[in-house]
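S.K.: Can you keep this structure in mind? I'll have questions shortly.
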Amino acid sequence: MNDIKAALRRQSIETPSWAYGNSGTRFKVFAQEGVPRDPYEKLADAAQVHAFTGTAPRVSLHIPWDKVDDYGDLARHATDLGVRIGAINANVFQDDDYRLGSVTNPDPAVRRKALDHLLECVDIMDHTGSDTLKLWFSDGTNYPGQDDIRARQDRLAEALSAVYDRLGGDQSFLLEYKFFEPAFYTTDVPDWGTAYAHCLRLGPKAQVVVDTGHHAPGTNIEFIVAFLLREGKLGAFDFNSRFYADDDLMVGAADPFQLFRIMYEVVRGGGYDPDSGVAFMLDQCHNIEPKIPGQIRSVMNVQEATAKALLVDGDALAAAQAAGDVLGANAVLMDAYNTDVRPMLAELREEQGLARDPMAAYARSGYAEKIRAERVGGRQAGWGA
Ligand code: RM4
Ligand code: MN
């Protein structure tokens, strides 16, 4: 039990700056009172999530949503609040020029513009001390024949290689795949295999990021995780949950059993080892629920799934598997999944000087009332679509 607690104590889950701003669907963005007006206030909210969970010390930024004049100053602000800047997420999907794609656009001038943005993001990494660039491309086509599928792969490879060459010694990039949306016929990075092939060709500083909401229904995500870990190509997770498409709901809300199965493969494959380099990030939007509690709940959901994964009796499982004991092996996994780990996590928090129940402690803290009263006027941050 102490080993498990020690492993949970070093857990680190990165929260996304955009989770604290207003968000919505393509039908409506719902504004909430007290929402941050700028990246500084987003970091202040993220610091609350870390303060109550002890597990969320890094915050991802999204450029241009988090554009500021002085990134060094923003990084210092983060440190003052007890958090650090995590991954820099590039955005080449919200400009009229990108109607037919960004780095895979048939027009070389648009490709240049997109590449320049990606390189600018590496400059921002230099200034913030961030070591990770996250790349997701909305590029693709809507109609058969619209563009040359193969040529678009060539253009993608060219851009990725230029970014790769620009990375500093301790910097790397994550390539994110998604099977559809906003493109509906072809997507240029639709699946883990495409991301993996591009990353493999480039080298160790290019890794695949698995966004759990970016798969077709029924996809066995834990298999993808096991495979990528075995190949040393799993760079990170963007955690969220989905019922239908890319729903960006709270991780562990739709299918906690799937999250457990994923975390089991992470632990099994060494992805939870201190030197694994795998980053655990949230990529979520809280459209109808309050945002800071939404993030706290999500961090707790990942903690619970991780605790259960760590509880799996590896020796008993290996013995049952070797003996061909199908039901016995399955029972070992289910025993761990069906264990209530919440008391252990509450105890661990107490040992760390935290409240046993982070949700209740945040509600009691008065922070929500404070930001509602203070953040009046100005322009609320949102995802800018
Ligand atoms: C994309 C992708 C990226 C995220 C944006 C907001 O679908 O998941 O990771 O940065 O959405
Ligand atoms: Mn994502």
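Residues are named by chain letter and number: chains run A, B, ... in the order of the structure tokens, numbers start at 1 in each chain, and ligands are numbered from 1 in the order shown.
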Can you tell me, as an mmCIF file with N, CA and C atoms, in the first residue's frame, what residues are no more than 9 Å from region 296-307 of chain A when counting only C-alpha atoms, ignoring any on the same chain fewer than 3 positions away?
M.R.:
```cif
data_model
loop_
_atom_site.group_PDB
_atom_site.id
_atom_site.type_symbol
_atom_site.label_atom_id
_atom_site.label_comp_id
_atom_site.auth_asym_id
_atom_site.auth_seq_id
_atom_site.Cartn_x
_atom_site.Cartn_y
_atom_site.Cartn_z
ATOM 1 N N ILE A 4 2.135 2.062 -3.419
ATOM 2 C CA ILE A 4 1.090 2.667 -4.249
ATOM 3 C C ILE A 4 0.933 4.132 -3.885
ATOM 4 N N LYS A 5 0.948 4.408 -2.601
ATOM 5 C CA LYS A 5 0.830 5.805 -2.167
ATOM 6 C C LYS A 5 2.016 6.631 -2.655
ATOM 7 N N ALA A 7 3.754 6.122 -5.285
ATOM 8 C CA ALA A 7 3.590 6.332 -6.737
ATOM 9 C C ALA A 7 2.541 7.422 -6.995
ATOM 10 N N LEU A 8 1.477 7.420 -6.205
ATOM 11 C CA LEU A 8 0.420 8.420 -6.410
ATOM 12 C C LEU A 8 0.880 9.816 -5.996
ATOM 13 N N GLN A 11 2.318 11.775 -8.821
ATOM 14 C CA GLN A 11 1.499 11.959 -10.020
ATOM 15 C C GLN A 11 1.413 13.429 -10.409
ATOM 16 N N ILE A 13 -0.583 15.921 -13.245
ATOM 17 C CA ILE A 13 -1.578 16.049 -14.310
ATOM 18 C C ILE A 13 -1.624 17.507 -14.742
ATOM 19 N N GLU A 14 -1.431 17.716 -16.048
ATOM 20 C CA GLU A 14 -1.358 19.090 -16.565
ATOM 21 C C GLU A 14 -2.757 19.577 -16.942
ATOM 22 N N THR A 15 -3.121 20.770 -16.516
ATOM 23 C CA THR A 15 -4.457 21.270 -16.868
ATOM 24 C C THR A 15 -4.341 22.315 -17.981
ATOM 25 N N GLN A 48 -5.341 27.113 -8.365
ATOM 26 C CA GLN A 48 -6.309 26.621 -7.370
ATOM 27 C C GLN A 48 -6.459 25.103 -7.487
ATOM 28 N N VAL A 49 -6.506 24.629 -8.721
ATOM 29 C CA VAL A 49 -6.659 23.182 -8.933
ATOM 30 C C VAL A 49 -5.465 22.454 -8.314
ATOM 31 N N HIS A 50 -4.281 23.036 -8.506
ATOM 32 C CA HIS A 50 -3.089 22.417 -7.916
ATOM 33 C C HIS A 50 -3.113 22.539 -6.392
ATOM 34 N N PHE A 52 -5.546 22.501 -4.355
ATOM 35 C CA PHE A 52 -6.472 21.588 -3.676
ATOM 36 C C PHE A 52 -6.214 20.110 -3.970
ATOM 37 N N THR A 53 -5.493 19.831 -5.062
ATOM 38 C CA THR A 53 -5.235 18.419 -5.384
ATOM 39 C C THR A 53 -3.769 18.037 -5.158
ATOM 40 N N THR A 55 -1.668 17.897 -7.336
ATOM 41 C CA THR A 55 -1.340 16.983 -8.428
ATOM 42 C C THR A 55 -1.345 17.664 -9.802
ATOM 43 N N ALA A 56 -1.556 18.970 -9.833
ATOM 44 C CA ALA A 56 -1.694 19.640 -11.143
ATOM 45 C C ALA A 56 -0.744 20.837 -11.262
ATOM 46 N N PHE A 239 -6.457 13.950 -21.936
ATOM 47 C CA PHE A 239 -7.568 13.209 -21.348
ATOM 48 C C PHE A 239 -8.867 14.000 -21.431
ATOM 49 N N ASN A 240 -9.935 13.296 -21.726
ATOM 50 C CA ASN A 240 -11.300 13.833 -21.675
ATOM 51 C C ASN A 240 -12.199 12.633 -21.888
ATOM 52 N N MET A 250 -15.601 15.707 -18.974
ATOM 53 C CA MET A 250 -14.619 15.371 -17.947
ATOM 54 C C MET A 250 -14.120 13.931 -18.093
ATOM 55 N N VAL A 251 -12.815 13.787 -18.014
ATOM 56 C CA VAL A 251 -12.200 12.459 -18.084
ATOM 57 C C VAL A 251 -12.788 11.568 -16.984
ATOM 58 N N GLY A 252 -13.040 10.328 -17.353
ATOM 59 C CA GLY A 252 -13.551 9.386 -16.356
ATOM 60 C C GLY A 252 -15.028 9.527 -16.078
ATOM 61 N N ALA A 253 -15.689 10.480 -16.759
ATOM 62 C CA ALA A 253 -17.116 10.673 -16.511
ATOM 63 C C ALA A 253 -17.940 9.703 -17.349
ATOM 64 N N PRO A 256 -15.443 5.320 -16.794
ATOM 65 C CA PRO A 256 -14.312 5.156 -15.870
ATOM 66 C C PRO A 256 -13.582 3.826 -16.045
ATOM 67 N N PHE A 257 -14.295 2.819 -16.514
ATOM 68 C CA PHE A 257 -13.649 1.507 -16.719
ATOM 69 C C PHE A 257 -12.623 1.591 -17.840
ATOM 70 N N LEU A 259 -10.971 4.292 -18.656
ATOM 71 C CA LEU A 259 -9.839 5.050 -18.120
ATOM 72 C C LEU A 259 -8.940 4.138 -17.282
ATOM 73 N N PHE A 260 -9.560 3.256 -16.508
ATOM 74 C CA PHE A 260 -8.783 2.275 -15.730
ATOM 75 C C PHE A 260 -7.982 1.365 -16.663
ATOM 76 N N ARG A 261 -8.612 0.890 -17.736
ATOM 77 C CA ARG A 261 -7.914 -0.027 -18.654
ATOM 78 C C ARG A 261 -6.727 0.685 -19.309
ATOM 79 N N ILE A 262 -6.924 1.953 -19.634
ATOM 80 C CA ILE A 262 -5.829 2.731 -20.218
ATOM 81 C C ILE A 262 -4.701 2.885 -19.188
ATOM 82 N N MET A 263 -5.065 3.263 -17.973
ATOM 83 C CA MET A 263 -4.035 3.476 -16.947
ATOM 84 C C MET A 263 -3.337 2.166 -16.586
ATOM 85 N N TYR A 264 -4.068 1.062 -16.683
ATOM 86 C CA TYR A 264 -3.395 -0.219 -16.432
ATOM 87 C C TYR A 264 -2.294 -0.446 -17.475
ATOM 88 N N VAL A 267 0.712 1.751 -16.716
ATOM 89 C CA VAL A 267 1.538 1.211 -15.636
ATOM 90 C C VAL A 267 2.302 -0.014 -16.144
ATOM 91 N N LEU A 282 -4.944 17.219 -19.399
ATOM 92 C CA LEU A 282 -6.388 17.263 -19.622
ATOM 93 C C LEU A 282 -6.625 18.165 -20.831
ATOM 94 N N LYS A 291 -16.039 25.655 -13.856
ATOM 95 C CA LYS A 291 -14.788 25.204 -14.483
ATOM 96 C C LYS A 291 -13.731 24.683 -13.513
ATOM 97 N N ILE A 292 -13.463 25.440 -12.457
ATOM 98 C CA ILE A 292 -12.408 24.994 -11.531
ATOM 99 C C ILE A 292 -12.814 23.669 -10.857
ATOM 100 N N PRO A 293 -14.049 23.566 -10.351
ATOM 101 C CA PRO A 293 -14.461 22.255 -9.807
ATOM 102 C C PRO A 293 -14.444 21.150 -10.873
ATOM 103 N N LEU A 310 -2.633 0.760 -10.288
ATOM 104 C CA LEU A 310 -1.469 0.386 -9.482
ATOM 105 C C LEU A 310 -1.779 -0.775 -8.539
ATOM 106 N N LEU A 311 -3.076 -0.937 -8.236
ATOM 107 C CA LEU A 311 -3.499 -2.016 -7.327
ATOM 108 C C LEU A 311 -3.519 -3.395 -7.986
ATOM 109 N N ALA A 336 -9.137 -5.224 -8.844
ATOM 110 C CA ALA A 336 -8.509 -3.905 -8.683
ATOM 111 C C ALA A 336 -9.503 -2.812 -9.065
ATOM 112 N N TYR A 337 -10.195 -3.009 -10.176
ATOM 113 C CA TYR A 337 -11.141 -1.979 -10.636
ATOM 114 C C TYR A 337 -12.265 -1.758 -9.624
ATOM 115 N N ASP A 340 -12.629 0.294 -3.853
ATOM 116 C CA ASP A 340 -12.899 1.724 -3.601
ATOM 117 C C ASP A 340 -11.595 2.356 -3.104
ATOM 118 N N VAL A 341 -10.956 3.138 -3.974
ATOM 119 C CA VAL A 341 -9.650 3.725 -3.626
ATOM 120 C C VAL A 341 -9.801 5.108 -2.997
ATOM 121 N N ARG A 342 -11.037 5.587 -2.880
ATOM 122 C CA ARG A 342 -11.220 6.952 -2.375
ATOM 123 C C ARG A 342 -10.712 7.147 -0.944
ATOM 124 N N MET A 344 -8.189 5.653 0.477
ATOM 125 C CA MET A 344 -6.724 5.707 0.407
ATOM 126 C C MET A 344 -6.261 7.073 -0.112
ATOM 127 N N LEU A 345 -6.959 7.586 -1.105
ATOM 128 C CA LEU A 345 -6.571 8.893 -1.661
ATOM 129 C C LEU A 345 -6.822 10.016 -0.652
ATOM 130 N N PRO A 358 -11.043 17.445 -1.931
ATOM 131 C CA PRO A 358 -10.694 18.689 -2.624
ATOM 132 C C PRO A 358 -11.912 19.466 -3.139
ATOM 133 N N MET A 359 -12.980 18.754 -3.543
ATOM 134 C CA MET A 359 -14.177 19.439 -4.051
ATOM 135 C C MET A 359 -14.812 20.285 -2.935
ATOM 136 N N TYR A 362 -12.508 23.230 -1.886
ATOM 137 C CA TYR A 362 -12.560 24.370 -2.815
ATOM 138 C C TYR A 362 -13.864 25.151 -2.610
#
```
S.K.: Could you report the residues within 9 Å of ligand 1, using only C-alpha atoms and all ligand atoms, as a count of residues only?
M.R.: 28
S.K.: From region 125-328 of chain A, collect each residue whose DSSP state is strand (DSSP E) and return the set as a PDB file with C-alpha atoms, in the first residue's frame.
M.R.:
```pdb
ATOM      1  CA  THR A 132       6.746  20.582 -25.280  1.00  0.00           C
ATOM      2  CA  LEU A 133       4.925  21.739 -28.400  1.00  0.00           C
ATOM      3  CA  LYS A 134       1.568  20.151 -29.114  1.00  0.00           C
ATOM      4  CA  LEU A 135       0.447  20.010 -32.730  1.00  0.00           C
ATOM      5  CA  TRP A 136      -3.065  19.269 -33.805  1.00  0.00           C
ATOM      6  CA  GLY A 140      -8.296  17.599 -44.363  1.00  0.00           C
ATOM      7  CA  THR A 141     -10.847  17.643 -47.167  1.00  0.00           C
ATOM      8  CA  SER A 172      10.104  17.939 -28.264  1.00  0.00           C
ATOM      9  CA  PHE A 173       6.807  17.954 -30.094  1.00  0.00           C
ATOM     10  CA  LEU A 174       3.666  15.918 -29.761  1.00  0.00           C
ATOM     11  CA  LEU A 175       1.648  15.073 -32.854  1.00  0.00           C
ATOM     12  CA  GLU A 176      -2.055  14.667 -32.160  1.00  0.00           C
ATOM     13  CA  THR A 186     -10.255  12.926 -45.288  1.00  0.00           C
ATOM     14  CA  THR A 187      -8.231  14.127 -42.331  1.00  0.00           C
ATOM     15  CA  ALA A 206       8.632  13.635 -32.114  1.00  0.00           C
ATOM     16  CA  GLN A 207       6.075  11.694 -30.095  1.00  0.00           C
ATOM     17  CA  VAL A 208       2.427  10.750 -30.455  1.00  0.00           C
ATOM     18  CA  VAL A 209      -0.221  12.243 -28.164  1.00  0.00           C
ATOM     19  CA  VAL A 210      -3.381  10.237 -27.551  1.00  0.00           C
ATOM     20  CA  ASP A 211      -6.445  12.440 -27.077  1.00  0.00           C
ATOM     21  CA  LEU A 234       3.803   7.561 -26.515  1.00  0.00           C
ATOM     22  CA  GLY A 235       4.496  11.174 -25.595  1.00  0.00           C
ATOM     23  CA  ALA A 236       1.361  12.248 -23.786  1.00  0.00           C
ATOM     24  CA  PHE A 237      -2.352  11.998 -23.196  1.00  0.00           C
ATOM     25  CA  ASP A 238      -5.005  14.604 -23.762  1.00  0.00           C
ATOM     26  CA  PHE A 239      -7.568  13.209 -21.348  1.00  0.00           C
ATOM     27  CA  ALA A 279       2.822  13.562 -19.896  1.00  0.00           C
ATOM     28  CA  PHE A 280      -0.723  13.350 -18.555  1.00  0.00           C
ATOM     29  CA  MET A 281      -2.727  16.332 -19.719  1.00  0.00           C
ATOM     30  CA  LEU A 282      -6.388  17.263 -19.622  1.00  0.00           C
TER      31      LEU A 282
END
```
S.K.: Could you write out, as a PyMOL selection string, all the residues of region 135-382 of chain A that DSSP marks as alpha helix (DSSP H)?
M.R.: chain A and resi 149-166+192-202+221-230+256-268+291-311+314-322+326-337+342-351+358-365+367-374
S.K.: Quick one: contact table of region 113-147 of chain A to region 67-80 of chain A, 12 Å max, nearest atom pair and distance in Å to one decimal per residue, counting only C-alpha atoms, chain and number order, as JSON lines?
M.R.:
```
{"residue": "A:Glu120", "atom": "CA", "partner": "A:Lys67", "partner_atom": "CA", "distance": 11.1}
{"residue": "A:Cys121", "atom": "CA", "partner": "A:Lys67", "partner_atom": "CA", "distance": 10.3}
{"residue": "A:Asp123", "atom": "CA", "partner": "A:Tyr71", "partner_atom": "CA", "distance": 9.9}
{"residue": "A:Ile124", "atom": "CA", "partner": "A:Tyr71", "partner_atom": "CA", "distance": 6.9}
{"residue": "A:Met125", "atom": "CA", "partner": "A:Tyr71", "partner_atom": "CA", "distance": 8.9}
{"residue": "A:Asp126", "atom": "CA", "partner": "A:Gly72", "partner_atom": "CA", "distance": 9.2}
{"residue": "A:His127", "atom": "CA", "partner": "A:Gly72", "partner_atom": "CA", "distance": 5.5}
{"residue": "A:Thr128", "atom": "CA", "partner": "A:Ala75", "partner_atom": "CA", "distance": 5.3}
{"residue": "A:Gly129", "atom": "CA", "partner": "A:Ala75", "partner_atom": "CA", "distance": 7.7}
{"residue": "A:Ser130", "atom": "CA", "partner": "A:Ala75", "partner_atom": "CA", "distance": 9.1}
```
S.K.: Give me a file of those residues, with C-alpha atoms, as an mmCIF file, in the first residue's frame.
M.R.:
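Okay, this is what ended up in part34.cif:
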```cif
data_model
loop_
_atom_site.group_PDB
_atom_site.id
_atom_site.type_symbol
_atom_site.label_atom_id
_atom_site.label_comp_id
_atom_site.auth_asym_id
_atom_site.auth_seq_id
_atom_site.Cartn_x
_atom_site.Cartn_y
_atom_site.Cartn_z
ATOM 1 C CA GLU A 120 6.701 31.187 -33.262
ATOM 2 C CA CYS A 121 5.336 28.653 -30.768
ATOM 3 C CA ASP A 123 10.078 30.793 -29.654
ATOM 4 C CA ILE A 124 7.402 30.980 -26.955
ATOM 5 C CA MET A 125 8.706 27.704 -25.533
ATOM 6 C CA ASP A 126 12.150 29.301 -25.310
ATOM 7 C CA HIS A 127 10.704 32.264 -23.409
ATOM 8 C CA THR A 128 8.446 30.316 -21.052
ATOM 9 C CA GLY A 129 10.805 27.406 -20.427
ATOM 10 C CA SER A 130 8.215 24.995 -21.839
#
```
S.K.: List as a PyMOL selection string the protein and nucleic acid residues near Ala355 (chain A), meaning an atom at most 12 Å away when only C-alpha atoms are counted, but skip any in the same chain fewer than 2 places from it.
M.R.: chain A and resi 51-54+345-353+357-365
S.K.: Could you check which of A:Asp95, A:Asp66, A:Glu289, A:Asp116 is closest to Ala162 (chain A), using only C-alpha atoms?
M.R.: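 With only C-alpha atoms as the atom set, the closest residue is A:Asp116.
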S.K.: If we count only C-alpha atoms, what is near Leu167 (chain A) at a cut-off of 9 Å, once residues fewer than 4 positions away on the same chain are taken out, given as a PyMOL selection string?
M.R.: chain A and resi 119+122+163+171-173+205
S.K.: Put those residues in a file: N, CA and C atoms, as a PDB file, in the first residue's frame.
M.R.:
```pdb
ATOM      1  N   LEU A 119       6.652  27.821 -35.699  1.00  0.00           N
ATOM      2  CA  LEU A 119       8.000  28.225 -35.264  1.00  0.00           C
ATOM      3  C   LEU A 119       7.912  29.300 -34.167  1.00  0.00           C
ATOM      4  N   VAL A 122       7.580  27.716 -30.947  1.00  0.00           N
ATOM      5  CA  VAL A 122       8.853  27.233 -30.370  1.00  0.00           C
ATOM      6  C   VAL A 122       9.586  28.404 -29.710  1.00  0.00           C
ATOM      7  N   VAL A 163       9.785  22.030 -38.273  1.00  0.00           N
ATOM      8  CA  VAL A 163       9.578  22.287 -36.841  1.00  0.00           C
ATOM      9  C   VAL A 163      10.571  21.455 -36.030  1.00  0.00           C
ATOM     10  N   GLN A 171      13.802  20.086 -26.055  1.00  0.00           N
ATOM     11  CA  GLN A 171      12.415  20.320 -26.474  1.00  0.00           C
ATOM     12  C   GLN A 171      11.941  19.181 -27.378  1.00  0.00           C
ATOM     13  N   SER A 172      10.642  18.956 -27.358  1.00  0.00           N
ATOM     14  CA  SER A 172      10.104  17.939 -28.264  1.00  0.00           C
ATOM     15  C   SER A 172       8.709  18.356 -28.709  1.00  0.00           C
ATOM     16  N   PHE A 173       8.201  17.677 -29.750  1.00  0.00           N
ATOM     17  CA  PHE A 173       6.807  17.954 -30.094  1.00  0.00           C
ATOM     18  C   PHE A 173       5.944  16.717 -30.039  1.00  0.00           C
ATOM     19  N   LYS A 205      12.534  13.171 -30.797  1.00  0.00           N
ATOM     20  CA  LYS A 205      11.888  14.378 -30.273  1.00  0.00           C
ATOM     21  C   LYS A 205      10.471  14.554 -30.813  1.00  0.00           C
TER      22      LYS A 205
END
```
S.K.: Smallest atom-to-atom distance to Asp247 (chain A): which of A:Arg26, A:Arg155, A:His117, A:Arg372, using only C-alpha atoms?
M.R.: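 Distance minimum relative to Asp247 (chain A) lands on A:Arg26.
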